[in-house]
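Everything on this sheet refers to the single structure shown next.
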Amino acid sequence: MAQTTTSTLHPPQGPSTSPLARAAASLIRKSLPLSLFWRTFLLLSLMLGAGIVGWVYTLRYLELEPRGVQAAQQIASLVNLSRAALRYTDQVNRVALVKNIADQEAVKLQPREVSDKWEPYEVDRFTRAIGSELRSRLGPQTIVASTVNGTGGLWVGFLIETDQYWLQADPGRVQPAVTLTTYSVVLGLTLVLTLLGSAAIAGLINRPLRQLSFAASRIREGEYTSRLDEETTTREIREVNRGFNRMARELAKIEDDRAVMLAGISHDLRTPLARIRLETEMSVVDEEARRNMAQDIDQLDAIIDKFMDYARPTQVKLEPLVLAVLLDTVIRRVSNEHLKIQARVTTDVRVLGDETDVDRVFGNLFENARRYAQSPDGVARVTVTFARAGQWVVVSVRDEGPGVSPEQLAHLTTPFYRGDKARTHTSSTGAGLGLAIVDKTVTRMGGQLELANAPGGGFVAHVKLRRAA
């Protein structure tokens with residue numbers, strides 16, 4: 001199996017973190033890929049929602065049961081009054097008394113028959129509290145029913161000596177002032193307002209972080225003019241913004257200084273090189289010596305180009321490119337008697353990239369193969385293939401050289417690192433920046449670079465670029 005190395009960096013795991021904890025944290029991140037806004041929103045919603053539900057139900061039971069017990073006491077008093085009035089009233093006046101009670105108190109008194117069918121009133125905590133209070137005041141033989149002979153209401157069965165009676169009270173007497181429906185509506189509206197409030201609070205909390213993230217992304221793309229508000233009312237955010245702005249100003253100054261320095265170095269080095277070339281052409285008589293000196297001057301000029309390419313600003317403009325056309329341009333430019341390239345890329349393959357950067361990537365890969373993958377006959381043979389992988393296009397550049405030792409693969413994209421010279425029959429004269437430039441350029445375009453030894457021999461570079469629509 002080929003061993004690979006990628007340009008993607010992974011943060012080191014702390015030695016004190018157990019594998020189980022890391023696995024659990026990874027599982028949580030994969031199952032809940034939430035941004036800080038949604039985490040804050042959910043936490044606020046859960047906290048406020050739980051508090052509101054608890055408060056509403058606590059208030060409901062604190063208000064409901066006392067009112068029910070109070071209403072039961074009033075009904076018990078009404079039963080006691082009715083019992084006393086009926087006990088001391090003769091049969092002739094008892095009918096008039098029952099009618100008068102029904103008119104004045106909205107209650108109904110009637111004899112209790114053995115054949116009466118009734119259903120118990122006590123079915124939940126609230127009704128059991130009412131029934132318990134009525135029996136405690138009227139006696140254990142008291143019956144509390146919700147219907148008698150199909151007629152609903154709050155029915156209380158009691159005794160007057162040996163006679164049995166039903167008293168039908170208005171059930172509204174023991175109903176809470178606020179019904180369950182009202183509670184549900186109020187609770188629902190409160191929860192909706194809580195969610196909206198949580199979203200607003202989470203947005204306010206995370207707005208400075210969003211601004212900081214956006215400004216940092218602009219800095220990463222090379223826009224060093226990005227600044228944050230230093231007059232915000234929050235002291236901690238104000239300090240962070242000031243520190244960020246200082247950093248952005250310093251980075252802008254460093255970038256300007258670097259550009260000026262590199263331009264100066266390029267100019268100052270190329271000027272004497274041009275004079276040396278001219279003097280060589282005019283003064284050196286020996287043809288071979290003149291040719292060798294000219295090659296040395298070309299090599300120095302190429303090394304300067306490498307330095308400039310590696311130090312190039314990171315901001316790029318991506319656009320759809322026809323990969324086959326670009327490869328054909330590069331191949332025609334770099335192919336010679338020492339480098340033979342065969343490309344198997346169809347014309348319908350389009351990638352997102354910068355034309356100059358894509359040209360630079362494959363030019364450096366081909367140059368790397370020419371330097372390190374020459375066969376005994378002095379020719380480096382390279383094959384270019386491609387594969388589509390979802391939103392990506394993977395371009396593979398494979399040579400037929402000896403490959404690279406496994407321990408060196410991870411260092412090939414390190415600036416100024418040069419691999420094993422056993423790959424070539426001639427000493428390397430490069431600056432050790434070719435693959436470092438490829439890696440940086442591909443990453444700048446949002447892609448990835450993977451280097452490996454090919455399964456059948458040779459060295460292969462997989463360039464992963466975004467697929468254009």
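Here, A, B, ... name the chains of the structure tokens in the order displayed, residue numbers run from 1 inside each chain, and ligands are numbered from 1 in the same displayed order.
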If you count only C-alpha atoms, which residues fall within 6 Å of Val144 in chain A, apart from same-chain ones fewer than 5 positions away, as a ChimeraX atom specification?
-> /A:121,155-156
Give me every helix (DSSP H, G or I) residue in range 351-395 of chain A, going by DSSP on the backbone, as a ChimeraX atom specification.
-> /A:355-372
DSSP says strand (DSSP E) for which residues of range 226-401 of chain A? Put them as a compact mmCIF listing (two decimals) with N, CA and C atoms, in the first residue's frame?
# COMPACT_ATOMS: atom_id res chain seq x y z
N GLU A 319 -11.63 31.10 -10.63
CA GLU A 319 -12.56 31.12 -11.75
C GLU A 319 -12.55 29.74 -12.42
N PRO A 320 -13.62 29.39 -13.13
CA PRO A 320 -13.64 28.08 -13.81
C PRO A 320 -12.57 27.99 -14.89
N LEU A 321 -11.82 26.88 -14.89
CA LEU A 321 -10.74 26.69 -15.85
C LEU A 321 -10.88 25.31 -16.49
N VAL A 322 -10.58 25.23 -17.77
CA VAL A 322 -10.56 23.94 -18.47
C VAL A 322 -9.19 23.32 -18.23
N LEU A 339 12.44 15.36 -20.68
CA LEU A 339 11.15 15.27 -19.97
C LEU A 339 10.04 14.96 -20.96
N LYS A 340 9.45 13.79 -20.81
CA LYS A 340 8.34 13.36 -21.66
C LYS A 340 7.08 13.24 -20.80
N ILE A 341 6.03 13.94 -21.20
CA ILE A 341 4.80 13.99 -20.40
C ILE A 341 3.64 13.50 -21.24
N GLN A 342 2.84 12.60 -20.66
CA GLN A 342 1.63 12.10 -21.30
C GLN A 342 0.44 12.45 -20.42
N ALA A 343 -0.50 13.24 -20.93
CA ALA A 343 -1.67 13.67 -20.16
C ALA A 343 -2.91 12.94 -20.65
N ARG A 350 -13.42 20.66 -15.63
CA ARG A 350 -13.26 22.06 -15.26
C ARG A 350 -13.03 22.17 -13.76
N VAL A 351 -12.11 23.02 -13.37
CA VAL A 351 -11.79 23.21 -11.96
C VAL A 351 -11.86 24.69 -11.62
N LEU A 352 -12.01 24.97 -10.31
CA LEU A 352 -11.97 26.34 -9.83
C LEU A 352 -10.54 26.66 -9.40
N GLY A 353 -9.93 27.67 -9.99
CA GLY A 353 -8.57 28.02 -9.63
C GLY A 353 -8.14 29.31 -10.28
N ALA A 380 13.02 11.67 -18.10
CA ALA A 380 12.00 11.54 -17.05
C ALA A 380 10.64 11.43 -17.71
N ARG A 381 9.93 10.35 -17.43
CA ARG A 381 8.63 10.11 -18.04
C ARG A 381 7.53 10.32 -17.00
N VAL A 382 6.54 11.13 -17.37
CA VAL A 382 5.47 11.54 -16.45
C VAL A 382 4.12 11.25 -17.09
N THR A 383 3.20 10.75 -16.27
CA THR A 383 1.82 10.49 -16.72
C THR A 383 0.86 11.30 -15.84
N VAL A 384 -0.07 12.00 -16.49
CA VAL A 384 -1.06 12.82 -15.78
C VAL A 384 -2.43 12.21 -16.01
N THR A 385 -3.12 11.85 -14.93
CA THR A 385 -4.49 11.32 -14.99
C THR A 385 -5.38 12.12 -14.05
N PHE A 386 -6.67 11.85 -14.11
CA PHE A 386 -7.59 12.58 -13.23
C PHE A 386 -8.70 11.64 -12.78
N ALA A 387 -9.40 12.05 -11.73
CA ALA A 387 -10.58 11.33 -11.22
C ALA A 387 -11.50 12.34 -10.56
N ARG A 388 -12.80 12.16 -10.77
CA ARG A 388 -13.80 13.01 -10.11
C ARG A 388 -14.22 12.36 -8.79
N ALA A 389 -14.28 13.17 -7.75
CA ALA A 389 -14.68 12.68 -6.42
C ALA A 389 -15.62 13.69 -5.80
N TRP A 392 -14.92 17.45 -6.02
CA TRP A 392 -13.48 17.63 -6.24
C TRP A 392 -13.04 16.95 -7.54
N VAL A 393 -11.92 17.43 -8.05
CA VAL A 393 -11.22 16.79 -9.15
C VAL A 393 -9.80 16.50 -8.66
N VAL A 394 -9.42 15.23 -8.68
CA VAL A 394 -8.09 14.82 -8.20
C VAL A 394 -7.22 14.56 -9.43
N VAL A 395 -6.19 15.38 -9.59
CA VAL A 395 -5.25 15.24 -10.71
C VAL A 395 -3.99 14.56 -10.18
N SER A 396 -3.62 13.42 -10.77
CA SER A 396 -2.46 12.65 -10.33
C SER A 396 -1.31 12.82 -11.32
N VAL A 397 -0.17 13.25 -10.81
CA VAL A 397 1.05 13.43 -11.62
C VAL A 397 2.05 12.37 -11.15
N ARG A 398 2.28 11.37 -11.99
CA ARG A 398 3.13 10.23 -11.59
C ARG A 398 4.35 10.13 -12.49
N ASP A 399 5.49 9.93 -11.84
CA ASP A 399 6.71 9.70 -12.62
C ASP A 399 7.13 8.24 -12.47
For Arg207 in chain A, which residue out of A:Phe37, A:Tyr88, A:Ser184, A:Arg332 is the nearest one, using only C-alpha atoms?
->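 Distance minimum relative to Arg207 in chain A lands on A:Phe37.
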Would you list the contacts of Arg128 in chain A as a list in words, taking every protein, DNA or RNA residue within 12 Å and counting only C-alpha atoms, but skipping same-chain residues closer than 4 positions in sequence?
-> Glu65, Gly68, Val69, Ala72, Pro120, Tyr121, Glu122, Val123, Asp124, Ser132, Glu133, Leu134, Arg135, Val144 and Ala145 of chain A
Hey, what's within 10 Å of Ile75 in chain A if we count only C-alpha atoms and toss same-chain stuff fewer than 6 positions away? As number ranges by chain, please?
-> A: 69, 81, 107, 130, 134, 137, 154, 156, 167-170, 173-174
Keeping only C-alpha atoms, take the residues you just selected and write them out as a PDB file, in the first residue's frame.
ATOM      1  CA  VAL A  69     -60.333  23.391  49.309  1.00  0.00           C
ATOM      2  CA  LEU A  81     -77.044  24.525  56.487  1.00  0.00           C
ATOM      3  CA  VAL A 107     -78.220  24.261  44.258  1.00  0.00           C
ATOM      4  CA  ILE A 130     -62.016  18.415  47.298  1.00  0.00           C
ATOM      5  CA  LEU A 134     -65.882  17.406  52.089  1.00  0.00           C
ATOM      6  CA  ARG A 137     -66.371  18.193  57.321  1.00  0.00           C
ATOM      7  CA  LEU A 154     -70.909  18.296  41.780  1.00  0.00           C
ATOM      8  CA  VAL A 156     -72.800  15.490  47.502  1.00  0.00           C
ATOM      9  CA  LEU A 167     -77.147  18.136  46.939  1.00  0.00           C
ATOM     10  CA  GLN A 168     -76.204  19.260  43.458  1.00  0.00           C
ATOM     11  CA  ALA A 169     -73.836  22.271  43.525  1.00  0.00           C
ATOM     12  CA  ASP A 170     -72.640  24.321  40.610  1.00  0.00           C
ATOM     13  CA  ARG A 173     -67.677  26.770  42.400  1.00  0.00           C
ATOM     14  CA  VAL A 174     -64.660  24.472  42.614  1.00  0.00           C
TER      15      VAL A 174
END
What separation in Å, quoted to one decimal, exists between CA of Ile205 in chain A and CA of Val53 in chain A?
-> 24.9 Å
Using only C-alpha atoms: which of A:Phe362, A:Tyr224, A:Trp166, A:Phe158 has the shortest distance to Ile254 in chain A =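 With only C-alpha atoms as the atom set, the closest residue is A:Tyr224.
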Between A:Gly203, A:Gly401, A:Gly49, A:Gly131, which has the minimum distance to Gly378 in chain A (counting only C-alpha atoms)?
->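 Selected residue with least distance to Gly378 in chain A: A:Gly401.
Pairwise distance (CA of Gln448 in chain A, CA of Asp256 in chain A) equals 28.1 Å.
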Please provide the set of residues having any atom within 12 Å of His338 in chain A, restricted to only C-alpha atoms, with same-chain residues fewer than 3 positions apart removed, written as a list in words.
->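 Counting only C-alpha atoms, the residues come to Val334, Ser335, Ile341, Phe366, Glu367, Ala369, Arg370, Arg371, Tyr372, Ala373, Gln374, Ser375, Pro376, Asp377, Gly378, Val379, Ala380, Arg381 and Val382 of chain A.
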For Leu97 in chain A, which residue out of A:Lys317, A:Arg218, A:Arg83, A:Arg466 is the nearest one, using only C-alpha atoms?
->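 Looking at the shortest contact to Leu97 in chain A, the residue is A:Arg83.
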So, counting only C-alpha atoms, which residue among A:Ala436, A:Met47, A:Leu327, A:Met445 is closest to Leu412 in chain A?
-> A:Ala436
